[in-house]
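Enquirer: Provided herewith: entry-v2.csv, CSV, C-alpha atoms.
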```
chain,number,residue,atom,x,y,z
A,53,MET,CA,-26.4,-16.7,20.2
A,54,LEU,CA,-24.7,-15.4,17.1
A,55,GLU,CA,-27.8,-13.4,16.0
A,56,THR,CA,-27.8,-11.7,19.4
A,57,MET,CA,-24.2,-10.9,19.0
A,58,TYR,CA,-24.7,-9.4,15.5
A,59,ASP,CA,-27.4,-7.1,16.9
A,60,GLN,CA,-25.1,-6.1,19.8
A,61,LEU,CA,-22.3,-5.3,17.4
A,62,ALA,CA,-24.6,-3.2,15.2
A,63,GLU,CA,-25.6,-1.3,18.3
A,64,LEU,CA,-21.9,-0.8,19.0
A,65,TYR,CA,-21.0,0.5,15.5
A,66,GLN,CA,-21.0,4.2,16.5
A,67,GLU,CA,-18.8,3.4,19.5
A,68,MET,CA,-16.4,1.5,17.1
A,69,VAL,CA,-16.3,4.6,14.9
A,70,GLU,CA,-15.5,6.9,17.8
A,71,LEU,CA,-12.8,4.6,19.1
A,72,ARG,CA,-11.2,4.3,15.7
A,73,ARG,CA,-11.3,8.0,15.1
A,74,TYR,CA,-9.7,8.6,18.6
A,75,PHE,CA,-6.8,6.3,17.7
A,76,HIS,CA,-6.6,7.9,14.3
A,77,MET,CA,-6.2,11.3,15.8
A,78,HIS,CA,-3.7,10.2,18.4
A,79,PRO,CA,-1.3,7.8,16.5
A,80,GLU,CA,1.9,6.5,18.0
A,81,LEU,CA,4.9,5.0,16.2
A,82,SER,CA,6.2,1.5,16.6
A,83,PHE,CA,7.9,0.8,19.9
A,84,GLU,CA,6.8,4.3,21.1
A,85,GLU,CA,3.3,3.4,22.0
A,86,VAL,CA,2.3,4.6,25.5
A,87,GLU,CA,-1.2,6.2,25.4
A,88,THR,CA,-2.7,3.7,22.9
A,89,PRO,CA,-2.1,0.6,25.1
A,90,ALA,CA,-3.1,2.5,28.2
A,91,LYS,CA,-6.5,3.4,26.6
A,92,ILE,CA,-6.9,-0.2,25.4
A,93,ALA,CA,-6.2,-1.6,28.8
A,94,ALA,CA,-8.6,0.9,30.5
A,95,TYR,CA,-11.4,-0.1,28.1
A,96,LEU,CA,-10.9,-3.8,28.6
A,97,THR,CA,-10.7,-3.4,32.4
A,98,GLU,CA,-13.9,-1.4,32.5
A,99,LEU,CA,-15.6,-4.4,30.8
A,100,GLY,CA,-14.5,-6.6,33.6
A,101,ILE,CA,-11.9,-8.4,31.5
A,102,ASP,CA,-8.7,-9.6,33.1
A,103,VAL,CA,-5.8,-7.5,31.6
A,104,LYS,CA,-2.1,-7.8,31.4
A,105,THR,CA,-0.1,-4.8,30.2
A,106,GLY,CA,3.6,-4.4,29.1
A,107,VAL,CA,3.5,-7.8,27.5
A,108,GLY,CA,6.7,-8.2,25.5
A,109,GLY,CA,7.1,-4.4,25.6
A,110,ASN,CA,4.0,-2.4,24.9
A,111,GLY,CA,1.5,-5.2,24.3
A,112,VAL,CA,-1.8,-5.7,26.0
A,113,ILE,CA,-3.6,-9.0,26.6
A,114,GLY,CA,-7.2,-9.5,27.7
A,115,TYR,CA,-8.7,-12.8,29.0
A,116,ILE,CA,-12.3,-13.7,28.6
A,117,ARG,CA,-13.2,-16.9,30.4
A,118,GLY,CA,-16.3,-18.6,29.1
A,119,GLY,CA,-19.0,-20.1,31.3
A,120,LYS,CA,-18.4,-23.6,29.9
A,121,PRO,CA,-15.1,-25.5,29.7
A,122,GLY,CA,-13.5,-25.7,26.3
A,123,LYS,CA,-10.6,-24.7,24.1
A,124,THR,CA,-9.0,-21.2,23.8
A,125,VAL,CA,-9.1,-18.9,20.8
A,126,ALA,CA,-6.8,-15.9,20.4
A,127,LEU,CA,-7.8,-12.8,18.4
A,128,ARG,CA,-5.1,-10.3,17.4
A,129,ALA,CA,-5.1,-6.6,16.4
A,130,ASP,CA,-2.1,-4.4,16.0
A,131,PHE,CA,-2.1,-0.7,17.0
A,132,ASP,CA,1.1,1.1,15.8
A,133,ALA,CA,1.1,3.9,13.3
A,134,LEU,CA,3.5,5.1,10.6
A,135,PRO,CA,5.9,8.1,10.1
A,136,ILE,CA,3.7,9.7,7.5
A,137,GLN,CA,2.1,13.1,7.4
A,138,ASP,CA,-1.7,12.9,7.3
A,139,GLU,CA,-3.0,14.8,4.2
A,140,LYS,CA,-6.7,14.0,4.5
A,141,ASN,CA,-9.2,16.8,5.0
A,142,VAL,CA,-11.4,15.1,7.7
A,143,PRO,CA,-12.4,16.0,11.2
A,144,TYR,CA,-10.5,13.0,12.6
A,145,LYS,CA,-7.2,13.9,10.9
A,146,SER,CA,-4.1,13.0,12.8
A,147,GLN,CA,-3.1,15.5,15.5
A,148,VAL,CA,0.5,14.3,15.6
A,149,PRO,CA,2.7,16.0,12.9
A,150,GLY,CA,4.4,13.5,10.7
A,151,VAL,CA,2.6,10.4,12.2
A,152,MET,CA,-0.6,8.8,11.0
A,153,HIS,CA,-2.5,5.5,10.9
A,154,ALA,CA,-1.9,4.8,7.2
A,155,CYS,CA,-2.5,1.0,7.3
A,156,GLY,CA,-5.8,0.5,9.2
A,157,HIS,CA,-4.4,-0.5,12.6
A,158,ASP,CA,-6.7,2.0,14.3
A,159,GLY,CA,-9.6,0.2,12.7
A,160,HIS,CA,-8.2,-3.2,13.8
A,161,THR,CA,-8.0,-2.0,17.4
A,162,ALA,CA,-11.5,-0.5,17.4
A,163,THR,CA,-12.9,-3.7,15.9
A,164,LEU,CA,-11.3,-6.0,18.5
A,165,LEU,CA,-12.4,-3.8,21.3
A,166,ALA,CA,-16.0,-4.1,20.1
A,167,VAL,CA,-15.6,-7.9,19.7
A,168,ALA,CA,-14.3,-8.0,23.2
A,169,LYS,CA,-17.3,-6.1,24.6
A,170,VAL,CA,-19.7,-8.5,22.9
A,171,LEU,CA,-17.9,-11.7,23.8
A,172,GLN,CA,-17.5,-10.5,27.4
A,173,ALA,CA,-21.3,-9.8,27.6
A,174,ASN,CA,-22.0,-13.3,26.4
A,175,ARG,CA,-19.2,-15.1,28.2
A,176,GLU,CA,-21.5,-17.4,30.1
A,177,LYS,CA,-22.6,-19.0,26.9
A,178,LEU,CA,-19.1,-19.5,25.5
A,179,ALA,CA,-17.8,-23.1,25.4
A,180,GLY,CA,-14.2,-22.0,26.1
A,181,ASN,CA,-12.0,-19.0,26.5
A,182,VAL,CA,-10.8,-16.1,24.4
A,183,VAL,CA,-7.5,-14.3,24.5
A,184,LEU,CA,-7.4,-10.7,23.1
A,185,ILE,CA,-3.9,-9.9,21.8
A,186,HIS,CA,-3.4,-6.1,21.2
A,187,GLN,CA,0.0,-6.0,19.6
A,188,PHE,CA,2.4,-3.1,19.3
A,189,ALA,CA,5.0,-2.5,16.6
A,190,GLU,CA,3.8,-4.5,13.6
A,191,GLU,CA,5.3,-2.1,11.1
A,192,VAL,CA,9.0,-2.2,12.2
A,193,ALA,CA,11.0,-5.4,12.5
A,194,PRO,CA,11.6,-7.3,14.7
A,195,GLY,CA,8.0,-6.3,15.5
A,196,GLY,CA,5.9,-6.9,18.5
A,197,ALA,CA,4.5,-10.4,17.8
A,198,LYS,CA,7.7,-12.3,18.5
A,199,ALA,CA,8.3,-10.5,21.8
A,200,MET,CA,4.7,-11.0,22.9
A,201,ILE,CA,4.8,-14.7,22.1
A,202,GLU,CA,8.0,-15.0,24.1
A,203,ALA,CA,6.2,-13.3,27.0
A,204,GLY,CA,3.5,-15.9,26.9
A,205,CYS,CA,0.6,-14.4,25.0
A,206,LEU,CA,-0.1,-17.8,23.3
A,207,ASP,CA,0.2,-19.9,26.4
A,208,GLY,CA,-2.8,-22.3,26.4
A,209,VAL,CA,-4.1,-21.0,23.1
A,210,ASP,CA,-5.4,-23.6,20.6
A,211,ALA,CA,-6.1,-21.4,17.6
A,212,ILE,CA,-5.7,-17.8,16.5
A,213,PHE,CA,-7.5,-15.5,14.0
A,214,GLY,CA,-6.5,-12.1,12.7
A,215,THR,CA,-7.7,-9.7,10.0
A,216,HIS,CA,-6.4,-6.8,8.1
A,217,LEU,CA,-8.7,-4.1,6.8
A,218,SER,CA,-7.8,-3.5,3.1
A,219,SER,CA,-8.3,-0.7,0.7
A,220,SER,CA,-7.6,-3.1,-2.1
A,221,PHE,CA,-11.0,-4.8,-1.8
A,222,PRO,CA,-14.5,-3.3,-1.7
A,223,THR,CA,-16.2,-2.9,1.6
A,224,GLY,CA,-18.3,-6.0,2.6
A,225,VAL,CA,-16.0,-8.6,1.1
A,226,VAL,CA,-13.5,-11.0,2.7
A,227,GLY,CA,-10.5,-12.5,1.1
A,228,TYR,CA,-9.0,-15.7,2.6
A,229,ARG,CA,-6.4,-18.2,1.5
A,230,SER,CA,-5.1,-21.5,2.9
A,231,GLY,CA,-1.3,-21.8,2.9
A,232,SER,CA,0.9,-18.9,1.9
A,233,ILE,CA,-0.8,-15.5,1.9
A,234,ALA,CA,2.0,-13.0,2.8
A,235,ALA,CA,5.7,-13.1,2.0
A,236,ALA,CA,8.8,-13.2,4.1
A,237,SER,CA,10.1,-9.6,4.0
A,238,ASP,CA,13.9,-8.9,4.2
A,239,ARG,CA,16.0,-5.9,3.7
A,240,PHE,CA,19.6,-5.2,2.6
A,241,SER,CA,22.1,-2.4,2.6
A,242,ILE,CA,25.2,-2.1,0.4
A,243,VAL,CA,27.9,0.4,0.9
A,244,ILE,CA,30.3,0.8,-2.0
A,245,GLN,CA,33.7,2.2,-1.0
A,246,GLY,CA,35.4,4.0,-3.8
A,247,LYS,CA,37.9,6.8,-4.0
A,248,GLY,CA,36.7,10.3,-4.2
A,249,GLY,CA,38.1,13.1,-6.3
A,250,HIS,CA,37.4,15.9,-8.6
A,251,GLY,CA,34.8,15.4,-11.2
A,252,ALA,CA,37.1,16.7,-13.9
A,253,ALA,CA,39.7,14.0,-13.2
A,254,PRO,CA,37.8,10.7,-13.0
A,255,GLN,CA,40.9,8.7,-13.9
A,256,GLU,CA,42.3,9.5,-10.4
A,257,SER,CA,39.2,8.2,-8.6
A,258,ILE,CA,37.2,5.0,-8.2
A,259,ASP,CA,33.7,6.2,-8.8
A,260,PRO,CA,31.2,4.5,-6.5
A,261,ILE,CA,28.2,5.9,-8.4
A,262,ALA,CA,29.4,4.2,-11.7
A,263,VAL,CA,30.0,1.0,-9.8
A,264,GLY,CA,26.5,1.3,-8.2
A,265,ALA,CA,24.8,1.9,-11.5
A,266,VAL,CA,26.3,-1.3,-13.0
A,267,LEU,CA,25.6,-3.2,-9.8
A,268,ILE,CA,21.9,-2.3,-9.8
A,269,THR,CA,21.6,-3.6,-13.4
A,270,HIS,CA,23.2,-6.9,-12.5
A,271,LEU,CA,21.1,-7.3,-9.3
A,272,GLN,CA,17.9,-7.0,-11.3
A,273,GLN,CA,18.8,-10.2,-13.1
A,274,ILE,CA,18.6,-12.3,-9.9
A,275,VAL,CA,14.9,-12.9,-10.0
A,276,SER,CA,14.5,-12.9,-13.7
A,277,ARG,CA,17.5,-15.3,-14.4
A,278,ARG,CA,18.3,-17.1,-11.2
A,279,ILE,CA,14.9,-18.0,-9.6
A,280,ASP,CA,12.4,-20.5,-10.7
A,281,PRO,CA,9.5,-18.4,-12.2
A,282,GLN,CA,7.0,-20.7,-10.5
A,283,LYS,CA,8.3,-19.6,-7.1
A,284,PRO,CA,7.3,-15.9,-6.4
A,285,ALA,CA,10.1,-13.5,-5.5
A,286,VAL,CA,10.6,-9.8,-5.5
A,287,PHE,CA,13.9,-7.9,-5.5
A,288,THR,CA,13.5,-4.2,-5.2
A,289,ILE,CA,16.1,-1.4,-4.9
A,290,GLY,CA,14.4,1.4,-3.0
A,291,SER,CA,17.3,3.8,-2.3
A,292,PHE,CA,20.5,4.8,-4.0
A,293,HIS,CA,22.4,7.7,-2.4
A,294,ALA,CA,25.8,9.2,-3.2
A,295,GLY,CA,27.5,12.5,-3.3
A,296,GLU,CA,26.5,16.1,-2.5
A,297,ALA,CA,28.1,18.2,-5.2
A,298,PHE,CA,27.8,18.2,-9.0
A,299,ASN,CA,31.5,18.3,-9.6
A,300,VAL,CA,32.8,15.9,-7.0
A,301,ILE,CA,33.2,12.1,-7.2
A,302,PRO,CA,32.2,10.9,-3.7
A,303,ASP,CA,34.0,8.2,-1.6
A,304,THR,CA,30.9,6.1,-1.1
A,305,ALA,CA,27.5,5.1,-2.4
A,306,THR,CA,24.8,3.4,-0.5
A,307,ILE,CA,22.2,1.1,-2.0
A,308,GLN,CA,19.2,-0.2,0.0
A,309,GLY,CA,16.4,-2.5,-0.9
A,310,THR,CA,14.0,-5.3,0.0
A,311,VAL,CA,13.6,-9.0,-0.9
A,312,ARG,CA,10.2,-10.8,-0.7
A,313,THR,CA,9.9,-14.6,-0.9
A,314,TYR,CA,7.7,-17.5,0.1
A,315,HIS,CA,10.2,-20.4,-0.1
A,316,PRO,CA,13.2,-20.6,2.2
A,317,GLU,CA,15.4,-22.1,-0.6
A,318,VAL,CA,14.5,-19.1,-2.8
A,319,GLN,CA,15.4,-16.7,0.1
A,320,GLU,CA,18.8,-18.4,0.5
A,321,ARG,CA,19.5,-18.4,-3.2
A,322,ILE,CA,18.8,-14.7,-3.5
A,323,MET,CA,21.1,-14.0,-0.5
A,324,GLY,CA,23.9,-16.0,-2.1
A,325,GLU,CA,23.4,-14.4,-5.5
A,326,LEU,CA,23.4,-10.9,-3.9
A,327,GLU,CA,26.7,-11.5,-2.2
A,328,ARG,CA,28.3,-13.0,-5.3
A,329,ILE,CA,27.2,-10.2,-7.7
A,330,VAL,CA,28.2,-7.4,-5.3
A,331,LYS,CA,31.6,-8.9,-4.7
A,332,GLY,CA,32.3,-9.5,-8.4
A,333,THR,CA,31.1,-6.1,-9.5
A,334,CYS,CA,33.1,-4.2,-6.9
A,335,GLU,CA,36.2,-6.2,-7.5
A,336,ALA,CA,36.0,-5.6,-11.2
A,337,SER,CA,36.1,-1.9,-10.5
A,338,ASN,CA,38.7,-1.9,-7.7
A,339,ALA,CA,36.1,-0.9,-5.2
A,340,SER,CA,35.4,-2.5,-1.9
A,341,TYR,CA,32.1,-3.0,-0.2
A,342,SER,CA,30.1,-3.9,2.9
A,343,LEU,CA,26.8,-5.8,2.7
A,344,GLN,CA,24.3,-6.2,5.4
A,345,TYR,CA,21.3,-8.5,4.9
A,346,THR,CA,18.6,-8.6,7.5
A,347,LYS,CA,15.9,-11.3,7.5
A,348,GLY,CA,12.6,-9.8,8.5
A,349,TYR,CA,9.2,-11.5,9.1
A,350,PRO,CA,8.8,-15.0,7.8
A,351,ALA,CA,6.0,-15.8,5.4
A,352,VAL,CA,2.5,-16.0,6.7
A,353,ILE,CA,1.3,-19.6,6.2
A,354,ASN,CA,-2.4,-20.1,7.1
A,355,HIS,CA,-3.6,-23.5,8.4
A,356,LYS,CA,-6.1,-25.4,6.3
A,357,GLN,CA,-8.8,-26.3,8.9
A,358,GLU,CA,-8.9,-22.8,10.5
A,359,THR,CA,-9.0,-21.2,7.1
A,360,LEU,CA,-11.9,-23.3,6.0
A,361,LEU,CA,-13.8,-22.5,9.2
A,362,LEU,CA,-13.0,-18.8,8.7
A,363,ALA,CA,-14.3,-18.9,5.1
A,364,GLU,CA,-17.5,-20.6,6.2
A,365,SER,CA,-17.9,-18.0,9.0
A,366,ALA,CA,-17.5,-15.2,6.5
A,367,LYS,CA,-20.0,-16.7,4.1
A,368,GLN,CA,-22.5,-17.0,6.9
A,369,VAL,CA,-22.1,-13.3,7.8
A,370,LEU,CA,-21.6,-11.7,4.4
A,371,GLY,CA,-23.0,-14.2,1.9
A,372,GLU,CA,-21.1,-16.6,-0.4
A,373,GLU,CA,-20.9,-14.0,-3.2
A,374,HIS,CA,-18.8,-11.6,-0.9
A,375,VAL,CA,-16.2,-14.1,0.1
A,376,PHE,CA,-13.4,-15.2,-2.2
A,377,GLU,CA,-10.1,-17.1,-2.2
A,378,MET,CA,-7.4,-14.5,-2.8
A,379,GLU,CA,-4.0,-14.7,-4.4
A,380,PRO,CA,-1.0,-14.4,-2.2
A,381,PHE,CA,0.6,-11.0,-2.0
A,382,MET,CA,4.2,-9.9,-1.3
A,383,SER,CA,3.8,-7.6,1.7
A,384,GLY,CA,5.1,-8.8,5.1
A,385,GLU,CA,3.2,-9.4,8.3
A,386,ASP,CA,4.5,-10.5,11.7
A,387,PHE,CA,1.3,-12.5,12.2
A,388,ALA,CA,3.5,-15.2,10.7
A,389,TYR,CA,5.1,-15.8,14.1
A,390,TYR,CA,1.7,-16.6,15.7
A,391,LEU,CA,1.0,-19.2,13.0
A,392,GLN,CA,4.4,-20.8,13.6
A,393,LYS,CA,3.3,-21.6,17.2
A,394,VAL,CA,-0.5,-22.4,16.9
A,395,PRO,CA,-3.0,-23.2,14.1
A,396,GLY,CA,-4.9,-20.3,12.7
A,397,THR,CA,-5.5,-18.0,9.8
A,398,PHE,CA,-5.0,-14.4,8.7
A,399,PHE,CA,-7.6,-12.9,6.4
A,400,PHE,CA,-8.5,-9.6,4.7
A,401,THR,CA,-11.6,-7.5,5.1
A,402,GLY,CA,-12.4,-5.1,2.3
A,403,ALA,CA,-12.5,-1.4,3.3
A,404,CYS,CA,-12.5,0.4,0.0
A,405,ASN,CA,-15.2,2.9,-0.9
A,406,GLU,CA,-14.2,5.4,-3.6
A,407,GLU,CA,-17.2,7.6,-2.8
A,408,LEU,CA,-15.8,8.0,0.8
A,409,GLY,CA,-12.2,8.5,-0.4
A,410,SER,CA,-11.0,5.2,1.0
A,411,SER,CA,-9.4,3.9,-2.1
A,412,TYR,CA,-5.9,5.1,-1.6
A,413,PRO,CA,-3.2,2.4,-1.1
A,414,HIS,CA,-1.8,1.5,2.3
A,415,HIS,CA,1.0,3.8,3.6
A,416,HIS,CA,-0.3,6.6,1.4
A,417,PRO,CA,-0.7,10.1,3.1
A,418,ARG,CA,-4.4,10.1,2.3
A,419,PHE,CA,-5.1,6.5,3.3
A,420,ASP,CA,-8.5,6.0,4.9
A,421,ILE,CA,-11.0,3.2,5.4
A,422,ASP,CA,-14.7,2.8,5.0
A,423,GLU,CA,-15.6,2.4,8.7
A,424,LYS,CA,-18.4,0.0,7.9
A,425,ALA,CA,-15.7,-2.6,7.2
A,426,MET,CA,-15.1,-2.7,10.9
A,427,LEU,CA,-18.6,-4.1,11.5
A,428,ALA,CA,-18.1,-6.7,8.9
A,429,ALA,CA,-14.8,-7.7,10.4
A,430,ALA,CA,-16.2,-7.9,13.9
A,431,LYS,CA,-19.1,-10.1,12.9
A,432,VAL,CA,-16.7,-12.5,11.1
A,433,MET,CA,-14.3,-12.6,14.0
A,434,VAL,CA,-17.1,-13.3,16.5
A,435,THR,CA,-18.6,-16.0,14.2
A,436,ALA,CA,-15.3,-17.7,13.7
A,437,THR,CA,-14.6,-17.7,17.5
A,438,VAL,CA,-18.0,-19.1,18.5
A,439,ARG,CA,-18.0,-21.7,15.7
A,440,TYR,CA,-14.5,-22.9,16.6
A,441,LEU,CA,-15.3,-23.2,20.3
A,442,GLU,CA,-18.7,-25.0,19.6
A,443,ASN,CA,-17.1,-27.3,17.1
A,444,ALA,CA,-14.4,-28.3,19.5
A,445,ALA,CA,-17.0,-28.8,22.3
A,446,ALA,CA,-19.1,-31.0,20.0
A,447,CYS,CA,-16.1,-33.1,19.0
A,448,LYS,CA,-15.3,-33.6,22.7
A,449,ASP,CA,-18.8,-34.5,23.6
A,450,GLY,CA,-19.0,-36.9,20.7
A,451,GLY,CA,-15.8,-38.5,21.7
A,452,ASN,CA,-17.1,-39.1,25.2
A,453,ARG,CA,-20.2,-41.0,24.1
```
Turn the structure described in the file into structure tokens.
Expert:
Amino acid sequence: MLETMYDQLAELYQEMVELRRYFHMHPELSFEEVETPAKIAAYLTELGIDVKTGVGGNGVIGYIRGGKPGKTVALRADFDALPIQDEKNVPYKSQVPGVMHACGHDGHTATLLAVAKVLQANREKLAGNVVLIHQFAEEVAPGGAKAMIEAGCLDGVDAIFGTHLSSSFPTGVVGYRSGSIAAASDRFSIVIQGKGGHGAAPQESIDPIAVGAVLITHLQQIVSRRIDPQKPAVFTIGSFHAGEAFNVIPDTATIQGTVRTYHPEVQERIMGELERIVKGTCEASNASYSLQYTKGYPAVINHKQETLLLAESAKQVLGEEHVFEMEPFMSGEDFAYYLQKVPGTFFFTGACNEELGSSYPHHHPRFDIDEKAMLAAAKVMVTATVRYLENAAACKDGGNR
């Protein structure tokens, strides 16, 4: 059955490319997706797949019911874009000013639609069911995954698989990892309240810029001097804004940044150190402050058995030399919420090809993918799905003897 499915996917490759380019040309921002889920729903409906729309907000779910009884596998793809101006010189360049697919979600969506078409065509041979989760708003917390789960997208699901096309790895390779693979991603905002005045009379003011400069220096010591070096953590200041004129000391300064961790105790330690350092630094300068800390997505923790099955599936499709166990990375992903509810795994499919210009990092204005990566991802997803269902059916049959 799998060889037939591989042939069918290969025949669908051009359709996958056309779908991906359509989504690339018509991107929609997180929580603002209207046309994208409508097109997804229409495509699945035309295949004869039962569809639910408006799931958790803008989510779409498709249900494929196999011809044989068995377990249920969920496959997830996200479809939101980013507020970035597309700077590529390609025929399928974004037609929406200031918005583009700069993270591969268009490719994720096209891949899962092709997978849906092939699984639906072979549904009578499936020993179980498949739930297709087309998720909105992955890029912006609180994200779409949590809302879709609360709306029931995982009801009856036994395992879940998801992939991310990556410009960090060459096309035709798959990276997997059991356990932690993506970090918890938090954000914080600090407003320092000083006392504005003339730049020529600093003694009459409380300079929030000077306080902020000292504060940033102290904050950079949290990870280097307060956190166990064997437990990964990132503390990054991404924004420091204050004042408008060269000769005026402003009233306030605002500092914003992100914290990335894997261990809850490290996350809590950083939160405590952040509050302590901000308070002490501001009090030492007679300034006041407000601190807002927002926990984002939790860490993505892959399950062992599903990860092993995925790795074996990828090796079957791509060859052992093209499948590797990757190191964890510090980006965030709301796929974490699915894995808190059911067993599963999240893996990466290489989509980098320098000759095609698809080597720019994610969220870059010239980000692109080698579209052949979609075919590799689709074959791996189909293989993992079929093998999971067949293994479950075999275990059940064996247990009945």
Enquirer: Between A:Ile261, A:Ile201, A:Met433, A:Ala403, which one has atoms that come closest to A:Gln187, using all atoms listed in the file?
Expert: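 Looking at the shortest contact to A:Gln187, the residue is A:Ile201.
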Enquirer: Please report the interatomic distance between atom CA of A:Lys177 and atom CA of A:Tyr440 in Å with one decimal.
Expert: 13.7 Å
Enquirer: At a cut-off of 10 Å, using only C-alpha atoms, what residues contact stretch 120-129 of chain A? Leave out same-chain residues fewer than 5 positions from it and give the result as a ChimeraX atom specification.
Expert: /A:113-115,157-165,167-168,175-188,190,197,205-216,387,390,394,396,398,433-434,436-438,440-446,448
Enquirer: Once you have the residues from the selection above, write them out as a short mmCIF file (atom, residue, chain, number, x, y, z; two decimals), in the coordinates of the input, restricted to C-alpha atoms.
Expert:
```
data_model
loop_
_atom_site.label_atom_id
_atom_site.label_comp_id
_atom_site.auth_asym_id
_atom_site.auth_seq_id
_atom_site.Cartn_x
_atom_site.Cartn_y
_atom_site.Cartn_z
CA ILE A 113 -3.60 -9.00 26.60
CA GLY A 114 -7.20 -9.50 27.70
CA TYR A 115 -8.70 -12.80 29.00
CA HIS A 157 -4.40 -0.50 12.60
CA ASP A 158 -6.70 2.00 14.30
CA GLY A 159 -9.60 0.20 12.70
CA HIS A 160 -8.20 -3.20 13.80
CA THR A 161 -8.00 -2.00 17.40
CA ALA A 162 -11.50 -0.50 17.40
CA THR A 163 -12.90 -3.70 15.90
CA LEU A 164 -11.30 -6.00 18.50
CA LEU A 165 -12.40 -3.80 21.30
CA VAL A 167 -15.60 -7.90 19.70
CA ALA A 168 -14.30 -8.00 23.20
CA ARG A 175 -19.20 -15.10 28.20
CA GLU A 176 -21.50 -17.40 30.10
CA LYS A 177 -22.60 -19.00 26.90
CA LEU A 178 -19.10 -19.50 25.50
CA ALA A 179 -17.80 -23.10 25.40
CA GLY A 180 -14.20 -22.00 26.10
CA ASN A 181 -12.00 -19.00 26.50
CA VAL A 182 -10.80 -16.10 24.40
CA VAL A 183 -7.50 -14.30 24.50
CA LEU A 184 -7.40 -10.70 23.10
CA ILE A 185 -3.90 -9.90 21.80
CA HIS A 186 -3.40 -6.10 21.20
CA GLN A 187 0.00 -6.00 19.60
CA PHE A 188 2.40 -3.10 19.30
CA GLU A 190 3.80 -4.50 13.60
CA ALA A 197 4.50 -10.40 17.80
CA CYS A 205 0.60 -14.40 25.00
CA LEU A 206 -0.10 -17.80 23.30
CA ASP A 207 0.20 -19.90 26.40
CA GLY A 208 -2.80 -22.30 26.40
CA VAL A 209 -4.10 -21.00 23.10
CA ASP A 210 -5.40 -23.60 20.60
CA ALA A 211 -6.10 -21.40 17.60
CA ILE A 212 -5.70 -17.80 16.50
CA PHE A 213 -7.50 -15.50 14.00
CA GLY A 214 -6.50 -12.10 12.70
CA THR A 215 -7.70 -9.70 10.00
CA HIS A 216 -6.40 -6.80 8.10
CA PHE A 387 1.30 -12.50 12.20
CA TYR A 390 1.70 -16.60 15.70
CA VAL A 394 -0.50 -22.40 16.90
CA GLY A 396 -4.90 -20.30 12.70
CA PHE A 398 -5.00 -14.40 8.70
CA MET A 433 -14.30 -12.60 14.00
CA VAL A 434 -17.10 -13.30 16.50
CA ALA A 436 -15.30 -17.70 13.70
CA THR A 437 -14.60 -17.70 17.50
CA VAL A 438 -18.00 -19.10 18.50
CA TYR A 440 -14.50 -22.90 16.60
CA LEU A 441 -15.30 -23.20 20.30
CA GLU A 442 -18.70 -25.00 19.60
CA ASN A 443 -17.10 -27.30 17.10
CA ALA A 444 -14.40 -28.30 19.50
CA ALA A 445 -17.00 -28.80 22.30
CA ALA A 446 -19.10 -31.00 20.00
CA LYS A 448 -15.30 -33.60 22.70
#
```
Enquirer: With distances taken over only C-alpha atoms, which of A:Phe419, A:Tyr228, A:Phe75, A:Tyr95 is nearest to A:Val432?
Expert: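 The answer is A:Tyr228, which sits nearest to A:Val432.
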Enquirer: Residues near A:Gln172, anyone? I mean within 9 Å using all atoms listed in the file, not counting same-chain ones fewer than 5 positions away, as a PDB file with C-alpha atoms, keeping the file's coordinate frame.
Expert:
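Final output, selection-v2.pdb:
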```pdb
ATOM      1  CA  LEU A  99     -15.600  -4.400  30.800  1.00  0.00           C
ATOM      2  CA  GLY A 100     -14.500  -6.600  33.600  1.00  0.00           C
ATOM      3  CA  ILE A 101     -11.900  -8.400  31.500  1.00  0.00           C
ATOM      4  CA  ILE A 116     -12.300 -13.700  28.600  1.00  0.00           C
ATOM      5  CA  ARG A 117     -13.200 -16.900  30.400  1.00  0.00           C
ATOM      6  CA  GLY A 118     -16.300 -18.600  29.100  1.00  0.00           C
ATOM      7  CA  VAL A 167     -15.600  -7.900  19.700  1.00  0.00           C
TER       8      VAL A 167
END
```
Enquirer: Need to verify the contact set: A:Lys247, 10 Å, all atoms listed in the file, exclusion of same-chain residues closer than 6 positions in sequence. Can you return it as a CSV table (one decimal) with C-alpha atoms, in the frame of the given file?
Expert:
```
chain,number,residue,atom,x,y,z
A,254,PRO,CA,37.8,10.7,-13.0
A,256,GLU,CA,42.3,9.5,-10.4
A,257,SER,CA,39.2,8.2,-8.6
A,258,ILE,CA,37.2,5.0,-8.2
A,259,ASP,CA,33.7,6.2,-8.8
A,260,PRO,CA,31.2,4.5,-6.5
A,301,ILE,CA,33.2,12.1,-7.2
A,302,PRO,CA,32.2,10.9,-3.7
A,303,ASP,CA,34.0,8.2,-1.6
A,304,THR,CA,30.9,6.1,-1.1
A,338,ASN,CA,38.7,-1.9,-7.7
A,339,ALA,CA,36.1,-0.9,-5.2
A,340,SER,CA,35.4,-2.5,-1.9
```
Enquirer: Would you pick out the contacts of stretch 315-327 of chain A at 9 Å or less, using only C-alpha atoms, so that residues sharing its chain but fewer than 5 positions from it are not included, and give the list as an MDAnalysis selection string?
Expert: chainID A and resid 235:236 238 271 274:275 278:280 283:285 287 332 343 345 351
Enquirer: Of the residues A:Thr306, A:Ser232, A:Asn405, A:Ser337, which is the one nearest to A:Asn354, using all atoms listed in the file?
Expert: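 Once distances to A:Asn354 are computed over all atoms listed in the file, the minimum belongs to A:Ser232.
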Enquirer: Looking at all atoms listed in the file, which of A:Gly290, A:Tyr349, A:Ala428, A:Asn110 is the one that sits closest to A:Pro194?
Expert: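 Using all atoms listed in the file, A:Pro194 sits closest to A:Tyr349.
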Enquirer: If we draw a sphere of 12 Å around (-7.5, 5.0, -2.4), which residues have at least one atom in it when counting all atoms listed in the file? Please report them as a ChimeraX atom specification.
Expert: /A:140,154-155,218-222,403-422
